[in-house]
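Shown next: query.txt, containing compact mmCIF, C-alpha atoms and all ligand atoms.
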# COMPACT_ATOMS: atom_id res chain seq x y z
CA MET Y 1 0.00 0.00 0.00
CA ARG Y 2 1.02 3.64 -0.19
CA ILE Y 3 2.69 6.22 2.02
CA GLU Y 4 2.80 9.64 0.39
CA GLY Y 5 1.93 7.97 -2.89
CA LYS Y 6 4.88 5.55 -2.77
CA GLN Y 7 4.29 1.81 -2.64
CA TYR Y 8 5.70 -0.01 0.43
CA LYS Y 9 5.61 -3.32 2.20
CA THR Y 10 6.17 -3.46 5.96
CA ILE Y 11 9.33 -5.60 5.84
CA TRP Y 12 11.65 -6.35 2.95
CA ASN Y 13 15.04 -7.64 1.94
CA GLU Y 14 17.10 -5.02 0.11
CA ASN Y 15 20.29 -6.57 -1.27
CA GLY Y 16 20.67 -8.74 1.80
CA THR Y 17 19.67 -6.06 4.33
CA ILE Y 18 16.37 -6.56 6.14
CA LYS Y 19 14.41 -3.32 6.39
CA ILE Y 20 11.28 -2.31 8.29
CA ILE Y 21 9.12 0.77 8.74
CA ASP Y 22 9.58 1.86 12.37
CA GLN Y 23 5.94 1.93 13.51
CA THR Y 24 6.71 3.53 16.88
CA LYS Y 25 7.35 6.79 15.01
CA LEU Y 26 4.13 6.82 12.94
CA PRO Y 27 2.17 8.92 12.15
CA HIS Y 28 4.50 11.79 13.01
CA LYS Y 29 7.71 10.51 11.42
CA PHE Y 30 8.30 8.03 8.64
CA GLU Y 31 11.55 6.17 9.32
CA ILE Y 32 12.96 3.06 7.72
CA LYS Y 33 15.13 0.95 9.98
CA GLU Y 34 17.60 -1.87 9.30
CA LEU Y 35 17.56 -5.14 11.21
CA ASN Y 36 21.22 -6.19 11.29
CA SER Y 37 21.17 -8.93 13.92
CA SER Y 38 18.81 -11.37 15.59
CA HIS Y 39 19.00 -9.06 18.62
CA ASP Y 40 17.67 -6.20 16.44
CA ALA Y 41 14.80 -8.40 15.28
CA ILE Y 42 13.87 -9.45 18.83
CA ASN Y 43 13.97 -5.83 20.01
CA ALA Y 44 11.94 -4.60 17.05
CA ILE Y 45 9.21 -7.10 17.97
CA LYS Y 46 9.37 -6.40 21.74
CA ASN Y 47 9.36 -2.62 21.30
CA MET Y 48 6.65 -2.80 18.65
CA GLU Y 49 8.66 -1.20 15.86
CA VAL Y 50 6.95 -4.02 13.99
CA ARG Y 51 3.64 -5.25 15.38
CA GLY Y 52 0.46 -7.01 14.33
CA ALA Y 53 0.24 -10.80 14.33
CA PRO Y 54 1.26 -11.62 10.72
CA LEU Y 55 4.05 -9.03 10.62
CA ILE Y 56 5.69 -10.18 13.85
CA GLY Y 57 5.63 -13.71 12.41
CA ALA Y 58 7.46 -12.48 9.31
CA ALA Y 59 9.92 -10.42 11.39
CA ALA Y 60 10.69 -13.49 13.52
CA ALA Y 61 11.35 -15.52 10.35
CA TYR Y 62 13.90 -12.91 9.22
CA GLY Y 63 15.22 -12.83 12.81
CA LEU Y 64 16.11 -16.47 12.43
CA VAL Y 65 17.86 -15.76 9.12
CA LEU Y 66 19.94 -13.13 10.93
CA ALA Y 67 20.69 -15.63 13.72
CA ILE Y 68 21.98 -18.12 11.13
CA ARG Y 69 24.29 -15.42 9.76
CA GLU Y 70 25.70 -15.00 13.30
CA ASN Y 71 26.19 -18.66 14.07
CA ASN Y 72 24.58 -21.72 12.52
CA ASP Y 73 25.23 -24.02 15.45
CA PRO Y 74 21.94 -25.91 16.19
CA GLU Y 75 22.05 -25.07 19.94
CA TYR Y 76 22.49 -21.36 19.20
CA LEU Y 77 19.57 -21.43 16.76
CA LYS Y 78 17.39 -23.31 19.23
CA LYS Y 79 18.05 -20.65 21.86
CA LYS Y 80 17.38 -17.82 19.39
CA SER Y 81 14.16 -19.43 18.21
CA GLN Y 82 12.94 -19.53 21.85
CA ASP Y 83 13.95 -15.89 22.37
CA LEU Y 84 12.03 -14.92 19.24
CA ILE Y 85 8.92 -16.87 20.28
CA GLN Y 86 8.99 -15.29 23.74
CA SER Y 87 9.49 -11.74 22.48
CA ARG Y 88 5.67 -11.36 22.40
CA PRO Y 89 3.52 -14.14 23.81
CA THR Y 90 -0.03 -13.73 22.51
CA ALA Y 91 0.03 -13.67 18.70
CA VAL Y 92 0.41 -17.26 17.58
CA ASN Y 93 1.85 -16.28 14.18
CA LEU Y 94 5.18 -15.75 15.90
CA LYS Y 95 5.48 -19.37 17.04
CA TRP Y 96 3.93 -20.57 13.80
CA ALA Y 97 6.60 -18.79 11.73
CA VAL Y 98 9.54 -19.80 13.94
CA ASP Y 99 8.44 -23.45 14.05
CA ARG Y 100 8.05 -23.44 10.26
CA MET Y 101 11.54 -21.96 9.79
CA MET Y 102 13.14 -24.43 12.23
CA LYS Y 103 11.47 -27.37 10.49
CA LYS Y 104 12.70 -26.16 7.12
CA ILE Y 105 16.34 -25.81 8.19
CA GLN Y 106 16.63 -28.98 10.24
CA ASN Y 107 19.03 -31.50 8.66
CA ASN Y 108 20.15 -28.83 6.18
CA ASN Y 109 23.63 -27.81 7.17
CA LYS Y 110 25.16 -26.79 3.88
CA GLU Y 111 22.87 -24.24 2.32
CA ILE Y 112 21.09 -23.42 5.54
CA LEU Y 113 21.27 -19.63 5.06
CA ASP Y 114 19.85 -19.72 1.52
CA ILE Y 115 17.12 -22.12 2.57
CA ALA Y 116 16.16 -19.94 5.56
CA LEU Y 117 16.14 -16.73 3.53
CA LYS Y 118 13.96 -18.32 0.88
CA GLU Y 119 11.54 -19.62 3.51
CA ALA Y 120 11.26 -16.19 5.19
CA GLU Y 121 10.49 -14.69 1.80
CA THR Y 122 7.91 -17.39 1.09
CA ILE Y 123 6.22 -16.65 4.44
CA CYS Y 124 5.94 -12.99 3.38
CA GLU Y 125 4.65 -13.81 -0.11
CA GLU Y 126 2.09 -16.23 1.28
CA ASP Y 127 0.89 -13.68 3.83
CA LEU Y 128 0.45 -11.11 1.09
CA GLU Y 129 -1.60 -13.57 -0.99
CA SER Y 130 -3.67 -14.60 2.05
CA CYS Y 131 -4.49 -10.99 2.88
CA LYS Y 132 -5.50 -10.33 -0.73
CA ASN Y 133 -7.84 -13.33 -0.63
CA ILE Y 134 -9.26 -12.24 2.75
CA GLY Y 135 -10.09 -8.99 0.95
CA ILE Y 136 -11.80 -10.76 -1.93
CA ASN Y 137 -13.80 -12.98 0.44
CA GLY Y 138 -14.77 -10.12 2.76
CA LEU Y 139 -15.70 -7.79 -0.08
CA ASN Y 140 -18.94 -9.73 -0.69
CA LEU Y 141 -20.06 -9.06 2.89
CA ILE Y 142 -19.60 -5.30 2.46
CA LYS Y 143 -21.19 -5.41 -0.98
CA SER Y 144 -24.28 -7.17 0.30
CA ILE Y 145 -24.83 -4.41 2.91
CA TYR Y 146 -24.41 -1.78 0.20
CA ASP Y 147 -26.77 -3.60 -2.19
CA ARG Y 148 -29.39 -3.65 0.57
CA THR Y 149 -29.05 -0.07 1.81
CA ASN Y 150 -27.60 1.80 -1.17
CA LYS Y 151 -25.89 4.08 1.37
CA THR Y 152 -22.33 4.58 2.64
CA VAL Y 153 -21.30 1.47 4.55
CA ASN Y 154 -20.12 2.38 8.06
CA ILE Y 155 -17.55 -0.07 9.41
CA LEU Y 156 -16.17 -0.03 12.94
CA THR Y 157 -12.67 -1.41 13.51
CA HIS Y 158 -10.43 -1.80 16.54
CA CYS Y 159 -6.63 -1.55 16.82
CA ASN Y 160 -4.66 -1.82 13.58
CA ALA Y 161 -5.40 -4.89 11.51
CA GLY Y 162 -4.33 -2.97 8.45
CA TRP Y 163 -1.49 -3.42 5.99
CA LEU Y 164 0.91 -2.15 8.64
CA ALA Y 165 0.08 -5.25 10.71
CA THR Y 166 0.79 -7.62 7.83
CA ILE Y 167 3.07 -7.54 4.79
CA ASP Y 168 0.52 -5.71 2.66
CA TRP Y 169 -3.30 -5.21 2.38
CA GLY Y 170 -4.00 -6.05 6.05
CA THR Y 171 -6.63 -8.45 7.33
CA ALA Y 172 -9.60 -6.33 8.51
CA THR Y 173 -8.69 -3.52 6.09
CA SER Y 174 -8.29 -5.72 3.04
CA PRO Y 175 -12.05 -6.05 2.34
CA ILE Y 176 -12.32 -2.29 2.97
CA TYR Y 177 -9.62 -1.52 0.37
CA MET Y 178 -11.20 -3.94 -2.10
CA ALA Y 179 -14.68 -2.42 -1.60
CA TYR Y 180 -13.35 1.11 -1.95
CA ASN Y 181 -11.52 0.16 -5.16
CA GLN Y 182 -14.85 -1.13 -6.52
CA GLY Y 183 -16.51 2.22 -5.88
CA ILE Y 184 -18.56 1.18 -2.83
CA PRO Y 185 -18.89 4.22 -0.54
CA ILE Y 186 -17.21 3.39 2.77
CA HIS Y 187 -16.67 5.19 6.03
CA VAL Y 188 -14.59 3.68 8.85
CA TRP Y 189 -15.05 4.37 12.56
CA VAL Y 190 -11.55 3.92 13.95
CA ASP Y 191 -11.29 3.01 17.64
CA GLU Y 192 -8.41 5.03 19.08
CA THR Y 193 -7.19 1.85 20.85
CA ARG Y 194 -5.57 2.92 24.09
CA PRO Y 195 -2.96 2.70 25.39
CA ARG Y 196 -0.73 2.60 22.29
CA ASN Y 197 -3.31 4.17 19.98
CA GLN Y 198 -2.77 1.80 17.08
CA GLY Y 199 -6.18 2.83 15.74
CA ALA Y 200 -5.47 6.55 15.77
CA ASN Y 201 -1.77 6.37 14.92
CA LEU Y 202 -1.76 3.55 12.38
CA THR Y 203 -5.24 2.63 11.06
CA SER Y 204 -6.38 6.20 10.51
CA PHE Y 205 -2.95 7.04 9.06
CA GLU Y 206 -3.02 4.22 6.52
CA LEU Y 207 -6.66 4.85 5.56
CA ASN Y 208 -5.83 8.55 5.01
CA GLU Y 209 -2.93 7.55 2.74
CA GLU Y 210 -5.38 5.48 0.67
CA CYS Y 211 -8.01 8.30 0.74
CA ILE Y 212 -10.59 6.21 2.62
CA PRO Y 213 -12.96 8.37 4.73
CA ASN Y 214 -12.49 7.60 8.42
CA THR Y 215 -13.16 9.13 11.82
CA ILE Y 216 -11.27 8.37 15.03
CA ILE Y 217 -13.46 7.73 18.07
CA SER Y 218 -12.54 7.10 21.69
CA ASP Y 219 -12.64 3.43 22.64
CA ASN Y 220 -15.90 3.90 24.52
CA THR Y 221 -17.92 5.54 21.74
CA GLY Y 222 -18.72 2.50 19.57
CA GLY Y 223 -21.63 1.35 21.74
CA LEU Y 224 -23.52 4.62 21.38
CA LEU Y 225 -22.87 4.74 17.62
CA MET Y 226 -24.27 1.22 17.33
CA GLN Y 227 -27.41 2.18 19.31
CA ARG Y 228 -27.92 5.16 17.00
CA GLY Y 229 -27.73 3.06 13.81
CA LYS Y 230 -24.37 4.49 12.73
CA VAL Y 231 -22.51 1.20 12.41
CA ASP Y 232 -23.37 -1.37 9.69
CA MET Y 233 -20.73 -3.90 10.62
CA CYS Y 234 -17.73 -4.42 12.90
CA LEU Y 235 -14.57 -5.79 11.28
CA VAL Y 236 -11.51 -6.62 13.39
CA GLY Y 237 -8.37 -8.78 13.20
CA SER Y 238 -7.09 -11.48 15.52
CA ASP Y 239 -3.86 -12.46 17.24
CA ARG Y 240 -4.95 -16.01 17.96
CA THR Y 241 -8.21 -17.79 17.21
CA LEU Y 242 -8.93 -21.22 18.63
CA SER Y 243 -10.49 -24.20 16.87
CA ASN Y 244 -13.75 -23.49 18.79
CA GLY Y 245 -13.91 -20.02 17.22
CA ASP Y 246 -12.98 -17.99 20.31
CA VAL Y 247 -11.08 -14.91 19.16
CA CYS Y 248 -8.16 -13.30 20.99
CA ASN Y 249 -7.47 -9.76 19.81
CA LYS Y 250 -6.43 -6.34 21.10
CA VAL Y 251 -7.97 -5.54 24.48
CA GLY Y 252 -11.36 -3.88 24.00
CA THR Y 253 -12.45 -6.13 21.14
CA TYR Y 254 -14.69 -8.16 23.48
CA LEU Y 255 -16.63 -5.09 24.63
CA LYS Y 256 -17.25 -4.09 21.00
CA ALA Y 257 -18.51 -7.59 20.25
CA LEU Y 258 -20.93 -7.42 23.21
CA ALA Y 259 -22.28 -4.09 22.03
CA ALA Y 260 -22.60 -5.38 18.46
CA TYR Y 261 -24.48 -8.47 19.68
CA ASP Y 262 -26.90 -6.36 21.73
CA ASN Y 263 -27.56 -4.13 18.73
CA LYS Y 264 -27.79 -6.99 16.18
CA ILE Y 265 -24.85 -5.68 14.19
CA PRO Y 266 -22.68 -8.28 12.42
CA PHE Y 267 -19.27 -8.75 14.02
CA PHE Y 268 -16.68 -10.14 11.60
CA VAL Y 269 -13.12 -11.26 12.32
CA ALA Y 270 -10.63 -11.28 9.42
CA LEU Y 271 -7.57 -13.49 9.79
CA PRO Y 272 -5.20 -15.75 7.87
CA CYS Y 273 -5.20 -19.44 8.81
CA SER Y 274 -1.72 -18.90 10.32
CA THR Y 275 -3.54 -17.11 13.18
CA ILE Y 276 -5.63 -20.19 13.99
CA ASP Y 277 -4.16 -22.16 16.89
CA LEU Y 278 -5.32 -25.76 16.71
CA SER Y 279 -3.14 -26.78 19.66
CA LEU Y 280 -5.11 -25.06 22.45
CA GLU Y 281 -8.57 -26.12 23.47
CA TYR Y 282 -9.54 -23.40 25.94
CA SER Y 283 -9.19 -19.64 25.60
CA LYS Y 284 -8.26 -19.40 29.31
CA ASP Y 285 -4.94 -21.03 28.29
CA ILE Y 286 -4.01 -18.25 25.83
CA PRO Y 287 -1.13 -16.26 27.31
CA ILE Y 288 -2.23 -12.63 27.59
CA GLU Y 289 0.65 -10.21 27.20
CA GLU Y 290 1.07 -7.82 30.11
CA ARG Y 291 2.98 -4.74 29.01
CA SER Y 292 4.61 -1.93 30.95
CA PRO Y 293 2.24 0.30 32.97
CA GLU Y 294 4.20 3.19 31.47
CA GLU Y 295 2.29 2.68 28.22
CA LEU Y 296 -0.82 3.74 30.15
CA SER Y 297 0.61 6.39 32.42
CA HIS Y 298 2.52 8.23 29.69
CA ILE Y 299 1.46 9.44 26.28
CA MET Y 300 3.53 10.35 23.26
CA GLY Y 301 2.74 13.16 20.86
CA ILE Y 302 4.16 15.95 18.79
CA ASP Y 303 4.52 19.55 19.96
CA ASP Y 304 4.26 22.82 18.00
CA GLN Y 305 7.95 22.61 17.12
CA SER Y 306 7.44 19.12 15.64
CA ASN Y 307 9.34 17.47 18.48
CA ILE Y 308 8.06 14.07 19.53
CA SER Y 309 7.76 13.97 23.32
CA LYS Y 310 6.36 11.76 26.01
CA ILE Y 311 4.44 13.10 29.00
CA LEU Y 312 3.01 11.66 32.22
CA ILE Y 313 -0.81 11.80 32.39
CA TYR Y 314 -1.50 9.85 35.62
CA PRO Y 315 -0.94 10.74 39.29
CA LYS Y 316 2.70 9.80 40.05
CA LYS Y 317 1.68 7.39 42.82
CA SER Y 318 -1.03 5.50 40.89
CA LYS Y 319 -0.64 1.89 39.87
CA ALA Y 320 -1.74 0.75 36.43
CA LEU Y 321 -2.41 -2.64 34.84
CA ASN Y 322 -1.77 -2.97 31.11
CA LEU Y 323 -3.19 -6.19 29.66
CA ALA Y 324 -2.85 -6.06 25.90
CA PHE Y 325 -5.42 -8.57 24.61
CA ASP Y 326 -8.81 -10.04 25.44
CA ILE Y 327 -11.00 -12.92 24.33
CA THR Y 328 -14.24 -12.67 22.39
CA PRO Y 329 -16.21 -15.91 22.79
CA SER Y 330 -17.32 -17.39 19.46
CA LYS Y 331 -21.02 -16.85 20.24
CA TYR Y 332 -20.49 -13.12 19.62
CA VAL Y 333 -18.70 -13.62 16.30
CA THR Y 334 -20.88 -13.62 13.18
CA ALA Y 335 -18.23 -15.17 10.93
CA LEU Y 336 -14.51 -15.54 10.32
CA ILE Y 337 -13.15 -14.17 7.04
CA THR Y 338 -10.10 -16.18 5.98
CA GLU Y 339 -8.08 -16.59 2.78
CA LYS Y 340 -9.86 -19.89 2.28
CA GLY Y 341 -13.37 -18.50 2.63
CA VAL Y 342 -15.89 -17.14 5.12
CA CYS Y 343 -17.00 -19.54 7.83
CA LYS Y 344 -18.98 -19.74 11.05
CA PRO Y 345 -16.75 -19.74 14.16
CA THR Y 346 -17.42 -23.39 14.97
CA LYS Y 347 -15.18 -26.46 15.34
CA GLU Y 348 -16.73 -28.17 12.29
CA GLU Y 349 -16.39 -25.16 9.98
CA ILE Y 350 -12.87 -24.31 11.14
CA ARG Y 351 -11.77 -27.93 10.68
CA LYS Y 352 -13.02 -27.76 7.07
CA LEU Y 353 -10.69 -24.80 6.38
CA PHE Y 354 -7.71 -27.04 7.03
CA GLN Y 355 -9.00 -29.81 4.77
CA THR Y 356 -8.82 -27.69 1.63
O1 LIG U 401 -0.26 -5.14 20.01
P1 LIG U 401 -0.38 -5.15 18.51
O2 LIG U 401 -0.38 -3.80 17.90
O3 LIG U 401 0.61 -6.08 17.88
O4 LIG U 401 -1.82 -5.78 18.30
C1 LIG U 401 -2.32 -5.98 17.01
C2 LIG U 401 -3.71 -6.46 16.98
O5 LIG U 401 -4.33 -6.71 18.00
C3 LIG U 401 -4.30 -6.75 15.64
O6 LIG U 401 -5.68 -6.53 15.64
C4 LIG U 401 -4.02 -8.22 15.30
O7 LIG U 401 -2.66 -8.49 15.39
C5 LIG U 401 -4.49 -8.56 13.96
S1 LIG U 401 -3.42 -7.87 12.77
C6 LIG U 401 -3.69 -8.33 11.25
Produce structure tokens that represent the structure in this file.
Ligand code: MRU
Amino acid sequence: MRIEGKQYKTIWNENGTIKIIDQTKLPHKFEIKELNSSHDAINAIKNMEVRGAPLIGAAAAYGLVLAIRENNDPEYLKKKSQDLIQSRPTAVNLKWAVDRMMKKIQNNNKEILDIALKEAETICEEDLESCKNIGINGLNLIKSIYDRTNKTVNILTHCNAGWLATIDWGTATSPIYMAYNQGIPIHVWVDETRPRNQGANLTSFELNEECIPNTIISDNTGGLLMQRGKVDMCLVGSDRTLSNGDVCNKVGTYLKALAAYDNKIPFFVALPCSTIDLSLEYSKDIPIEERSPEELSHIMGIDDQSNISKILIYPKKSKALNLAFDITPSKYVTALITEKGVCKPTKEEIRKLFQT
């Protein structure tokens, strides 16, 4: 997708150097950063220079390539793969990508670096294709609302499940981009998404760059808008979805799903199959990332002199708890939009996705 009219992906290999867009600086500064070591990759994931489930999977895959460049001893790579997996615990794409890389390089000592680099690139290409297909599959859902109402389709989204969270296109945003490209009038309600403001800083930013009308709202406004008939559908991403259809996503998603359910508004979750975790049975077993309370107590912005600064907004003595994700039980989810098709969030339907 575009930034100032120029086409980008979120991570790429430029003559052997792995490059990313530093998302901690957006929307105020656009900076490209190099990942020169596995340590750089781990830090970029931890500090959220790259974030979003599919993108952190891809960054971890390149992280392993960088680890191989440092030392291709199996014990070293085992340790690095664990460090990468643990750099953020909730999004399953991270483990999925690292496990896939480790499987590919096992028993391959000679051309291990070439094999790993090729696999990391394949992971990126496949993610791009998946996101495109999520867009094609989700487009029909938006189109059917438009065909019925013949009015601008108002879509509410949470966090950033846009192209910045993937390699390109995004998950939740992909159907939006496809619909917009087909001339369907769209307007997006963008949840600000405290504390890191991925909605305001990233989703609104990327929609602006693609000229898609959008309005930022505080995280608590969606319910009222739904009651007043101003939301036609909710469309969010996921960090980990279980085989029973329970959806783990950015904290606050659950409350939006409850409000949507009460107001009979469809609640869709867009995700690639790499986000589906078939290994866990119960959502209570999903590790929920707890991040620094400083992300709540401080806020970053830009002053009149264009300096980025961080200020304290809480009483100095107050404690804060910063849980980054929550679980939306499948009964509140209308359907999952995947690269393989749209399905009900049930065991039977999800199992079928993996049979094709
Ligand atoms: O903490 P983040 O910014 O990595 O959280 C991202 C989200 O919760 C997204 O909605 C999710 O990863 C889906 S992205 C396609």
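Going from CA of Glu349 in chain Y over to CA of Leu139 in chain Y, you cover 20.1 Å.
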Given 3 Å on each side, where is the centre and what are the edge lengths in Å to one decimal of the axis-aligned box enclosing the listed atoms of ligand LIG 401 (chain U), as AutoDock Vina command-line options?
--center_x -2.5 --center_y -6.2 --center_z 15.6 --size_x 12.3 --size_y 10.8 --size_z 14.8
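The protein and nucleic acid residues lying at most 10 Å from Tyr177 in chain Y are Met1, Lys132, Gly135, Ile136, Leu139, Gly162, Trp169, Gly170, Ala172, Thr173, Asn181, Gln182, Ile184, Ile186, Leu207, Glu210, Cys211 and Ile212 of chain Y, with only C-alpha atoms considered and sequence neighbours fewer than 4 positions away removed.
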**Study point:** Residues within 9 Å of Leu77 in chain Y, all atoms listed in the file, excluding chain neighbours under 5 positions, as a ChimeraX atom specification
**Key:** /Y:64,67-68,71-72,82,102
Point to revise | Nearest to ligand LIG 401 (chain U), chosen from Y:Asp303, Y:Glu294, Y:Glu49, Y:Glu75, with only C-alpha atoms and all ligand atoms counted in the distances | key: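 The closest residue to ligand LIG 401 (chain U) is Y:Glu49.
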Exercise for review: Tell me which of Y:Thr338, Y:Thr152, Y:Ser306, Y:Ser279 sits closest to ligand LIG 401 (chain U), counting only C-alpha atoms and all ligand atoms.
Suggested key: Y:Thr338
Name all residues at most 12 Å from Gln106 in chain Y (count only C-alpha atoms; drop same-chain ones fewer than 4 positions away) and give them as a CSV table (one decimal) with C-alpha atoms, in the coordinates of the input.
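Result saved to part_18.csv:
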chain,number,residue,atom,x,y,z
Y,72,ASN,CA,24.6,-21.7,12.5
Y,73,ASP,CA,25.2,-24.0,15.4
Y,74,PRO,CA,21.9,-25.9,16.2
Y,75,GLU,CA,22.0,-25.1,19.9
Y,77,LEU,CA,19.6,-21.4,16.8
Y,78,LYS,CA,17.4,-23.3,19.2
Y,99,ASP,CA,8.4,-23.4,14.0
Y,100,ARG,CA,8.0,-23.4,10.3
Y,101,MET,CA,11.5,-22.0,9.8
Y,102,MET,CA,13.1,-24.4,12.2
Y,110,LYS,CA,25.2,-26.8,3.9
Y,111,GLU,CA,22.9,-24.2,2.3
Y,112,ILE,CA,21.1,-23.4,5.5
Y,113,LEU,CA,21.3,-19.6,5.1
Y,115,ILE,CA,17.1,-22.1,2.6
Y,116,ALA,CA,16.2,-19.9,5.6
**Study point:** Nearby residues, ligand LIG 401 (chain U), 9 Å, only C-alpha atoms and all ligand atoms, as a ChimeraX atom specification
**Key:** /Y:45,48,50-56,88,90-91,131,157-166,170-173,196-198,236-240,248-251,253,270-272,275,289,324-325
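A straight line drawn from CA of Ala97 in chain Y to CA of Gly57 in chain Y is 5.2 Å long.
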Review point. In terms of the shortest atom-to-atom distance over all atoms listed in the file, which of Y:Ile265, Y:Leu296, Y:Ile350, Y:Ile155 is closest to Thr241 in chain Y?
Key: Y:Ile350
Check your understanding: For Thr334 in chain Y, which residue among Y:Asp277, Y:Asp246, Y:Val65, Y:Trp189 is the nearest when counting all atoms listed in the file?
Key -> Y:Asp246
